[in-house]
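Enquirer: Before anything else, here's the structure in question.
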Amino acid sequence: AEITGGVSGGLTTGAPIALLLPNAGGPPETGDPWTVKPGHADLAGSLKYGVAPAVIRERASARETAVRAALGAFPLRLLELLGMKITSRVTRIGSSEHLPSAGTGRKAEAAMLAEIEKARAEGRTLGGAFEVYADGVPAGLGSHAQSDRRLSARLAAAMFSINSVKGAEIGGGFALARERTENTVDFPHLDDGRLIFRTNRAGGIEGGMTNGARLVLSCGLKAPPAFDRPVPSFNLKTRKQADFHPVRHDITSVPAAAVIAEAVAAFVIADALLEKFGGDSLGEIKPRVEAWRRQVKRTLSAA
């Protein structure tokens, strides 16, 4: 990516940041532009805007999320300078799962790669899942007072804005629905004079606000709607049954989506951070965040 505005001498200037991100893949292969690609945004978008389905398809694909991932470098760097770090990991590709237990990493990765190669040979695509983590996020971001300020709602909306995401969870997510009360709550304990949580079922957010624990988000993605052979569809210009013919595609979008999720999560967390602490430069923001961390530490220390 080439930064064309908003940055001078390695620092943002306050002006809008502009990026040029060339598409190395070249022009898209569309076939008949009026034939709907099944499982994509083509049909709904064409009905809404009155343009060819192929036009809708490009904006609803990786061109849009690629730019968000590139721009995410800025909030990611801001959070890093303020003591926070956002990471992600792929937890599932197709039927291959990467469990967090020790010693399974390389074996799970090999199984995922093997499943991708098998799908490629069979002309299939694969869905999967990933997790996003935010460490060092101070307590008190977001709010319980208004629904649109709940950080949980904002993060969930950000995750669902990523192509192919069909489900998003925070902390224990849907698994908590079948648990007893005592297995859904993070109980506070004093440890060496400090208040700590030995579990993180809430995923770092309670009542729409951060509680100082690690933020944990999980997302599930469907397989990309791509095919290695013609499939039944409909042509909106002729209004007749038509086949949609294969175009270039990825076998899976899960690893790329995990990186995109880091960026969009960073935007949401940075927004919430600036709402609480204000400021127009790092020199203003950083002392306020550090002062708040000290205040929270004093409050959560034993009397």
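Labeling convention for the structure tokens: chains A, B, ... as they appear, residues from 1 per chain, ligands from 1 in order of appearance.
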Could you give me, as a tab-separated table, every stretch 76-182 of chain A residue with an atom at most 7 Å from stretch 248-260 of chain A, plus its closest atom pair and distance in Å to one decimal, counting only C-alpha atoms, rows ordered by chain then number?
Expert:
```
residue	atom	partner	partner_atom	distance
A:Ser88	CA	A:Ala258	CA	6.0
A:Arg89	CA	A:Ala258	CA	6.8
A:Val90	CA	A:Pro255	CA	6.2
A:Ile116	CA	A:Ile251	CA	6.8
A:Arg120	CA	A:Ile251	CA	6.4
A:Arg124	CA	A:Ile251	CA	6.9
A:Thr125	CA	A:Ile251	CA	4.5
A:Leu126	CA	A:Thr252	CA	5.0
A:Gly127	CA	A:Thr252	CA	6.2
A:Gly128	CA	A:Val254	CA	6.1
A:Ala129	CA	A:Val254	CA	6.6
A:Phe130	CA	A:Ala258	CA	6.0
```
Enquirer: What parts of stretch 148-253 of chain A does DSSP call helix (DSSP H, G or I)? I'd like the answer as a compact mmCIF listing (two decimals) with C-alpha atoms, in the first residue's frame.
Expert:
```
# COMPACT_ATOMS: atom_id res chain seq x y z
CA ASP A 148 -25.25 2.08 20.90
CA ARG A 149 -22.35 2.68 23.32
CA LEU A 151 -18.70 -2.12 23.35
CA SER A 152 -20.01 -5.66 22.97
CA ALA A 153 -22.59 -4.49 20.43
CA ARG A 154 -20.05 -2.40 18.54
CA LEU A 155 -17.50 -5.20 18.35
CA ALA A 156 -20.12 -7.71 17.24
CA ALA A 157 -21.27 -5.32 14.50
CA ALA A 158 -17.66 -4.89 13.38
CA MET A 159 -17.15 -8.65 13.15
CA PHE A 160 -20.35 -9.10 11.15
CA GLY A 173 -20.48 -17.15 23.86
CA PHE A 174 -23.17 -19.71 23.07
CA ALA A 175 -21.51 -22.33 25.29
CA LEU A 176 -22.60 -20.33 28.34
CA ALA A 177 -26.25 -20.86 27.41
CA ARG A 178 -26.14 -24.46 28.65
CA THR A 181 -24.95 -19.93 36.89
CA GLU A 182 -21.71 -20.55 38.77
CA ASN A 183 -20.07 -21.65 35.52
```
Enquirer: Could you name the residues that touch stretch 70-73 of chain A at 8 Å or less, counting only C-alpha atoms, but leaving out those on the same chain fewer than 2 positions away, as a list in words?
Expert: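 Once the adjacent positions are removed, what remains is Ala1, Leu19, Ala66, Val67, Arg68, Pro75, Leu76, Arg77, Glu262, Ala263, Val264, Ala266 and Phe267 of chain A.
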Enquirer: For the structure I just gave you, how does DSSP split stretch 180-269 of chain A - specifically, which residues are strand (DSSP E or B)? Reply as an MDAnalysis selection string.
Expert: chainID A and resid 188:191 194:197 205:206 209:210 215:221 231:235 240:244 252
Enquirer: In terms of the shortest atom-to-atom distance over only C-alpha atoms, which of A:Ala303, A:Ala114, A:Leu20, A:Leu236 is closest to A:Leu43?
Expert: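 Of the candidates, the smallest distance to A:Leu43 is held by A:Leu236.
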Enquirer: What is the distance, in Å and to one decimal place, between atom CA of A:Gln241 and atom CA of A:Asp42?
Expert: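 These atoms are spaced 15.3 Å apart.
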Enquirer: Restricting the calculation to only C-alpha atoms, which member of A:Gly220, A:Gly39, A:Gly212, A:Gly203 is positioned closest to A:Pro138?
Expert: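 For A:Pro138, the nearest of the candidates is A:Gly212.
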Enquirer: Please indicate the distance in Å from atom CA of A:Gly142 to atom CA of A:Thr210, rounded to one decimal place.
Expert: 6.8 Å
Enquirer: Please provide as JSON, numbers by chain all residues within 10 Å of A:Ala111, with the sequence filter that same-chain residues fewer than 6 positions apart are discarded (counting only C-alpha atoms).
Expert: {"A": [93, 95, 96, 97, 98, 105, 117]}
Enquirer: Would you put the residues from that selection into a file with N, CA and C atoms, as an mmCIF file, in the first residue's frame?
Expert:
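So part.cif came out as:
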```cif
data_model
loop_
_atom_site.group_PDB
_atom_site.id
_atom_site.type_symbol
_atom_site.label_atom_id
_atom_site.label_comp_id
_atom_site.auth_asym_id
_atom_site.auth_seq_id
_atom_site.Cartn_x
_atom_site.Cartn_y
_atom_site.Cartn_z
ATOM 1 N N ILE A 93 -10.443 -24.820 10.176
ATOM 2 C CA ILE A 93 -10.584 -24.792 8.719
ATOM 3 C C ILE A 93 -11.365 -26.044 8.341
ATOM 4 N N SER A 95 -13.279 -29.142 8.705
ATOM 5 C CA SER A 95 -13.465 -30.041 9.848
ATOM 6 C C SER A 95 -12.238 -30.128 10.736
ATOM 7 N N SER A 96 -11.157 -29.430 10.384
ATOM 8 C CA SER A 96 -9.918 -29.465 11.167
ATOM 9 C C SER A 96 -9.922 -28.346 12.191
ATOM 10 N N GLU A 97 -9.788 -28.725 13.459
ATOM 11 C CA GLU A 97 -9.877 -27.760 14.544
ATOM 12 C C GLU A 97 -8.527 -27.606 15.219
ATOM 13 N N HIS A 98 -8.205 -26.373 15.611
ATOM 14 C CA HIS A 98 -6.972 -26.069 16.336
ATOM 15 C C HIS A 98 -7.346 -25.747 17.772
ATOM 16 N N GLY A 105 -0.438 -27.497 18.254
ATOM 17 C CA GLY A 105 -0.330 -26.440 17.254
ATOM 18 C C GLY A 105 0.124 -26.912 15.892
ATOM 19 N N GLU A 117 -5.584 -28.360 0.794
ATOM 20 C CA GLU A 117 -5.104 -28.969 -0.450
ATOM 21 C C GLU A 117 -6.103 -29.994 -0.987
#
```
Enquirer: Of the candidates A:Lys297, A:Val132, A:Ala291, A:Val36, which one gets nearest to A:Arg239 if we count only C-alpha atoms?
Expert: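 Using only C-alpha atoms, A:Arg239 sits closest to A:Val36.
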Enquirer: Which of these, A:Lys222, A:Glu80, A:Ala134, A:Ser147, has the shortest distance to A:Gly167 once you count only C-alpha atoms?
Expert: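 Of A:Lys222, A:Glu80, A:Ala134, A:Ser147, the one nearest A:Gly167 is A:Lys222, counting only C-alpha atoms.
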Enquirer: Excluding A:Ile17 and its own-chain neighbours fewer than 5 positions away, which residues fall within 7 Å of it when counting only C-alpha atoms? Please give them as JSON, numbers by chain.
Expert: {"A": [5, 6, 7]}
Enquirer: Just the selected residues (C-alpha atoms), exported as an mmCIF file, in the first residue's frame, please.
Expert:
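That gives us selection.cif:
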```cif
data_model
loop_
_atom_site.group_PDB
_atom_site.id
_atom_site.type_symbol
_atom_site.label_atom_id
_atom_site.label_comp_id
_atom_site.auth_asym_id
_atom_site.auth_seq_id
_atom_site.Cartn_x
_atom_site.Cartn_y
_atom_site.Cartn_z
ATOM 1 C CA GLY A 5 -2.020 11.717 2.330
ATOM 2 C CA GLY A 6 -2.460 12.389 6.030
ATOM 3 C CA VAL A 7 1.047 11.335 7.097
#
```
Enquirer: For A:Ala270, which residue among A:Lys85, A:Lys240, A:Arg198, A:Lys166 is the nearest when counting only C-alpha atoms?
Expert: A:Lys85
Enquirer: Give me, as a ChimeraX atom specification, all polymer residues having an atom no more than 9 Å from A:Val289, counting only C-alpha atoms and skipping those fewer than 4 positions away in the same chain.
Expert: /A:82,138,273,277,285,293-294
Enquirer: What is the atom CA of A:Ile170 to atom CA of A:Arg214 distance in Å?
Expert: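 Computed distance, atom CA of A:Ile170 to atom CA of A:Arg214, equals 10.9 Å.
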